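For reference, the structure is listed below as structure tokens.
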Amino acid sequence: MSNHNWSFQTKLLHNESKVDHSTGSVSVPIHHSSTFHQFNVDEFGKYDYARSGNPTREALELAIAELEGGSRGLAFSSGMAAISTAFLLLSQGDHVLVTEDVYGGTFRIITDVLTRFGIEHTFVDMTDLHQVASEIRPNTKVIYMETPSNPLLKVTDIQGIVNLAKANNCLTFLDNTFLTPELQRPLELGVDVVLHSATKFLAGHSDVLAGLAVVKDPELGDRLYKLQNAFGAVLGVQDAWLVLRGLKTLHVRLQQSQASALKIAEFLADHPKVVEVYYPGLSFHPGHDTQRYQADGPGAVLSFKLADGDAVRTLVENVELPVFAVSLGAVESILSYPAKMSHAAMPPAEREKRGISDGLLRLSVGLEKVEDLIKDFDAALEKLPAVKKSENVNV
């Protein structure tokens with residue numbers, strides 16, 4: 001590629017892998033090869049064994065590195081494989097600070113696995129920089145961000161955390177799954193490792209499981225690659241190709257879904273049966289101003305709170321359009337129940353402490369006509385009992 005300063009939208013389509021130089025193919029070849037012939041005993045070629053490197057996987061790794069503004073991208077078999085491998089940069093006796101309403105799978109790896117290897121952790125409200133600063137210890141090596149967070153959409157001041165981390169010689173990790181580099185580019189704000197569940201918006205079609213990591217520092221990239229190669233949780237070539245195909249439509253998908261999400265959030269915020277709505281695009285959301293400063297949009301995921309678990313059951317039984325399922329970021333809208341899905345790994349007491357109540361639902365807005373989605377939710381909400389006005393903070 002030339003050095004033209006193309007827009008992000010154009011880069012999604014025009015990158016190093018846009019054309020296969022040996023055939024002219026405009027689709028990346030899928031190299032179903034587990035091993036590669038070496039033509040010289042003394043000097044091996046670029047590829048030797050597929051766990052260590054594969055041309056199809058490399059095309060995706062190059063693409064995400066360019067889109068995030070990094071020096072190296074790494075493709076993993078799942079988002080949790082990427083996150084877990086990044087945590088293996090830590091050693092016994094190290095300490096990690098983690099945003100308190102982190103994804104349930106991340107909570108599990110931190111509390112159930114890292115603790116067995118002598119790696120300590122503290123969960124903090126990362127919207128409060130003073131609290132974060134007060135919890136940093138001499139052995140704190142990583143500050144882990146998820147912004148907007150899952151499922152309460154809390155917004156962390158990325159540059160504020162980065163400044164604290166650099167002052168205390170810590171690395172910063174950031175899960176960018178909700179926004180993708182289309183809307184938020186954390187490496188440009190000084191973050192060390194950006195992580196993705198590429199299963200979600202990047203691939204976008206509920207047909208692939210994948211994870212990505214991107215770094216700006218080449219030495220850190222080498223360290224992370226050595227861990228990936230050692231543990232072997234790499235992305236298969238068919239899945240890598242599917243993510244590459246999904247990336248081509250990321251801009252149009254996310255822009256439409258985001259526009260629809262704002263309309264749905266505004267509808268829910270005004271509805272008398274809804275207790276509270278969590279979405280950074282709403283002016284009254286606590287992180288609204290920070291989100292506008294550090295990202296190009298609020299994203300296409302929102303959460304809303306109903307009176308209780310019974311209200312959730314009634315709504316889920318009556319909505320017709322959203323898929324009721326785990327996951328997010330797809331062409332179809334997905335309605336999830338964090339208490340029993342994304343955060344089921346978190347003990348009930350820990351969920352409640354974080355505000356992940358039995359009345360909380362998370363909605364990932366897809367590509368359906370927004371008026372149809374609102375009509376569907378409106379009809380389902382009519383089946384719910386009335387909520388006292390005093391309980392609804394948005395009325």
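In the structure tokens, chains take the letters A, B, ... in the order shown, each chain's residues start at 1, and ligands count up from 1 in the order shown.
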Report the residues of segment 21-151 of chain A whose backbone DSSP state falls under strand (DSSP E), written as a list of chain:residue names.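 Those residues are A:Arg72, A:Gly73, A:Leu74, A:Ala75, A:Phe76, A:His95, A:Val96, A:Leu97, A:Val98, A:Thr99, A:Glu120, A:His121, A:Thr122, A:Phe123, A:Val124, A:Thr140, A:Lys141, A:Val142, A:Ile143, A:Tyr144, A:Met145, A:Glu146.
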Shell around Ile161 of chain A at 9 Å using only C-alpha atoms, local window under 6 positions removed, as a PyMOL selection string: chain A and resi 126+129+132-133+143+145+172+191
Dump as a tab-separated table (two decimals), in the first residue's frame, selection limited to N, CA, C and O atoms:
```tsv
chain	number	residue	atom	x	y	z
A	126	MET	N	-13.18	2.14	37.90
A	126	MET	CA	-12.17	2.82	37.09
A	126	MET	C	-12.65	4.15	36.55
A	126	MET	O	-11.88	4.88	35.91
A	129	LEU	N	-10.58	8.14	39.09
A	129	LEU	CA	-9.12	8.11	38.99
A	129	LEU	C	-8.45	8.14	40.36
A	129	LEU	O	-7.37	7.55	40.54
A	132	VAL	N	-8.43	4.63	41.66
A	132	VAL	CA	-7.43	3.85	40.94
A	132	VAL	C	-6.03	4.15	41.48
A	132	VAL	O	-5.26	3.25	41.78
A	133	ALA	N	-5.72	5.44	41.61
A	133	ALA	CA	-4.40	5.83	42.10
A	133	ALA	C	-4.14	5.28	43.49
A	133	ALA	O	-3.02	4.84	43.80
A	143	ILE	N	-2.76	-2.41	34.56
A	143	ILE	CA	-4.08	-1.84	34.81
A	143	ILE	C	-4.95	-2.23	33.63
A	143	ILE	O	-4.63	-1.92	32.48
A	145	MET	N	-8.40	-2.17	31.59
A	145	MET	CA	-9.59	-1.35	31.32
A	145	MET	C	-10.55	-2.08	30.40
A	145	MET	O	-10.14	-2.86	29.53
A	172	THR	N	-0.75	-1.09	30.44
A	172	THR	CA	-2.20	-0.92	30.36
A	172	THR	C	-2.75	-1.86	29.29
A	172	THR	O	-2.23	-1.92	28.18
A	191	VAL	N	-2.27	3.37	25.33
A	191	VAL	CA	-2.49	2.02	25.87
A	191	VAL	C	-1.47	1.05	25.27
A	191	VAL	O	-1.06	1.19	24.11
```
Neighbour list for Arg223 of chain A as an NGL selection string, cut-off 10 Å, only C-alpha atoms, skip fewer than 6 positions in-chain: :A and (86 or 88-89)
Selection above as a file: C-alpha atoms, as a PDB file, in the first residue's frame:
```
ATOM      1  CA  ALA A  86      -1.914 -11.178  27.564  1.00  0.00           C
ATOM      2  CA  LEU A  88       0.610 -14.396  30.957  1.00  0.00           C
ATOM      3  CA  LEU A  89       2.945 -11.412  30.634  1.00  0.00           C
TER       4      LEU A  89
END
```
Could I get the residues of segment 81-100 of chain A with an atom no further than 8 Å from an atom of segment 210-216 of chain A, each paired with its nearest atom pair and that distance in Å to one decimal, using only C-alpha atoms, sorted by chain and residue number, as a Markdown table?
```
| residue | atom | partner | partner_atom | distance |
| --- | --- | --- | --- | --- |
| A:Ala81 | CA | A:Gly211 | CA | 6.7 |
| A:Ala82 | CA | A:Gly211 | CA | 5.5 |
| A:Ile83 | CA | A:Ala213 | CA | 8.0 |
```
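Restricting the calculation to only C-alpha atoms, the smallest distance between Ala50 of chain A and any of A:Pro272, A:Gly236, A:Gly190, A:Gly79 is found for A:Gly236.
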My list of candidates is A:Trp241, A:Tyr278, A:Phe123, A:Tyr337. Which is closest to Ala63 of chain A when distances are computed with only C-alpha atoms? A:Trp241
Residues at most 8 Å from segment 249-260 of chain A, counting only C-alpha atoms, excluding those fewer than 5 positions away in the same chain, as a PyMOL selection string? chain A and resi 9+12+182+201-204+297-301+331+365-367+370
Using the selection just defined, write its residues with C-alpha atoms as an mmCIF file, in the first residue's frame.
```cif
data_model
loop_
_atom_site.group_PDB
_atom_site.id
_atom_site.type_symbol
_atom_site.label_atom_id
_atom_site.label_comp_id
_atom_site.auth_asym_id
_atom_site.auth_seq_id
_atom_site.Cartn_x
_atom_site.Cartn_y
_atom_site.Cartn_z
ATOM 1 C CA GLN A 9 -13.516 3.446 6.153
ATOM 2 C CA LEU A 12 -11.134 -1.515 5.860
ATOM 3 C CA GLU A 182 -13.890 2.235 14.023
ATOM 4 C CA PHE A 201 -18.518 -6.459 15.820
ATOM 5 C CA LEU A 202 -15.325 -7.141 13.864
ATOM 6 C CA ALA A 203 -16.620 -10.393 12.347
ATOM 7 C CA GLY A 204 -20.210 -9.285 12.837
ATOM 8 C CA GLY A 297 -19.221 7.460 19.023
ATOM 9 C CA PRO A 298 -21.071 5.676 21.829
ATOM 10 C CA GLY A 299 -21.322 2.291 20.103
ATOM 11 C CA ALA A 300 -24.253 -0.035 19.489
ATOM 12 C CA VAL A 301 -24.601 -1.739 22.890
ATOM 13 C CA VAL A 331 -26.167 -8.188 12.170
ATOM 14 C CA VAL A 365 -28.497 -3.445 18.306
ATOM 15 C CA GLY A 366 -28.321 -5.027 14.865
ATOM 16 C CA LEU A 367 -29.389 -3.979 11.386
ATOM 17 C CA VAL A 370 -35.127 0.718 14.076
#
```
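Closest approach to Asp270 of chain A among A:Ile119, A:Leu282, A:Val243, A:Ala379 is made by A:Leu282 (distances from only C-alpha atoms).
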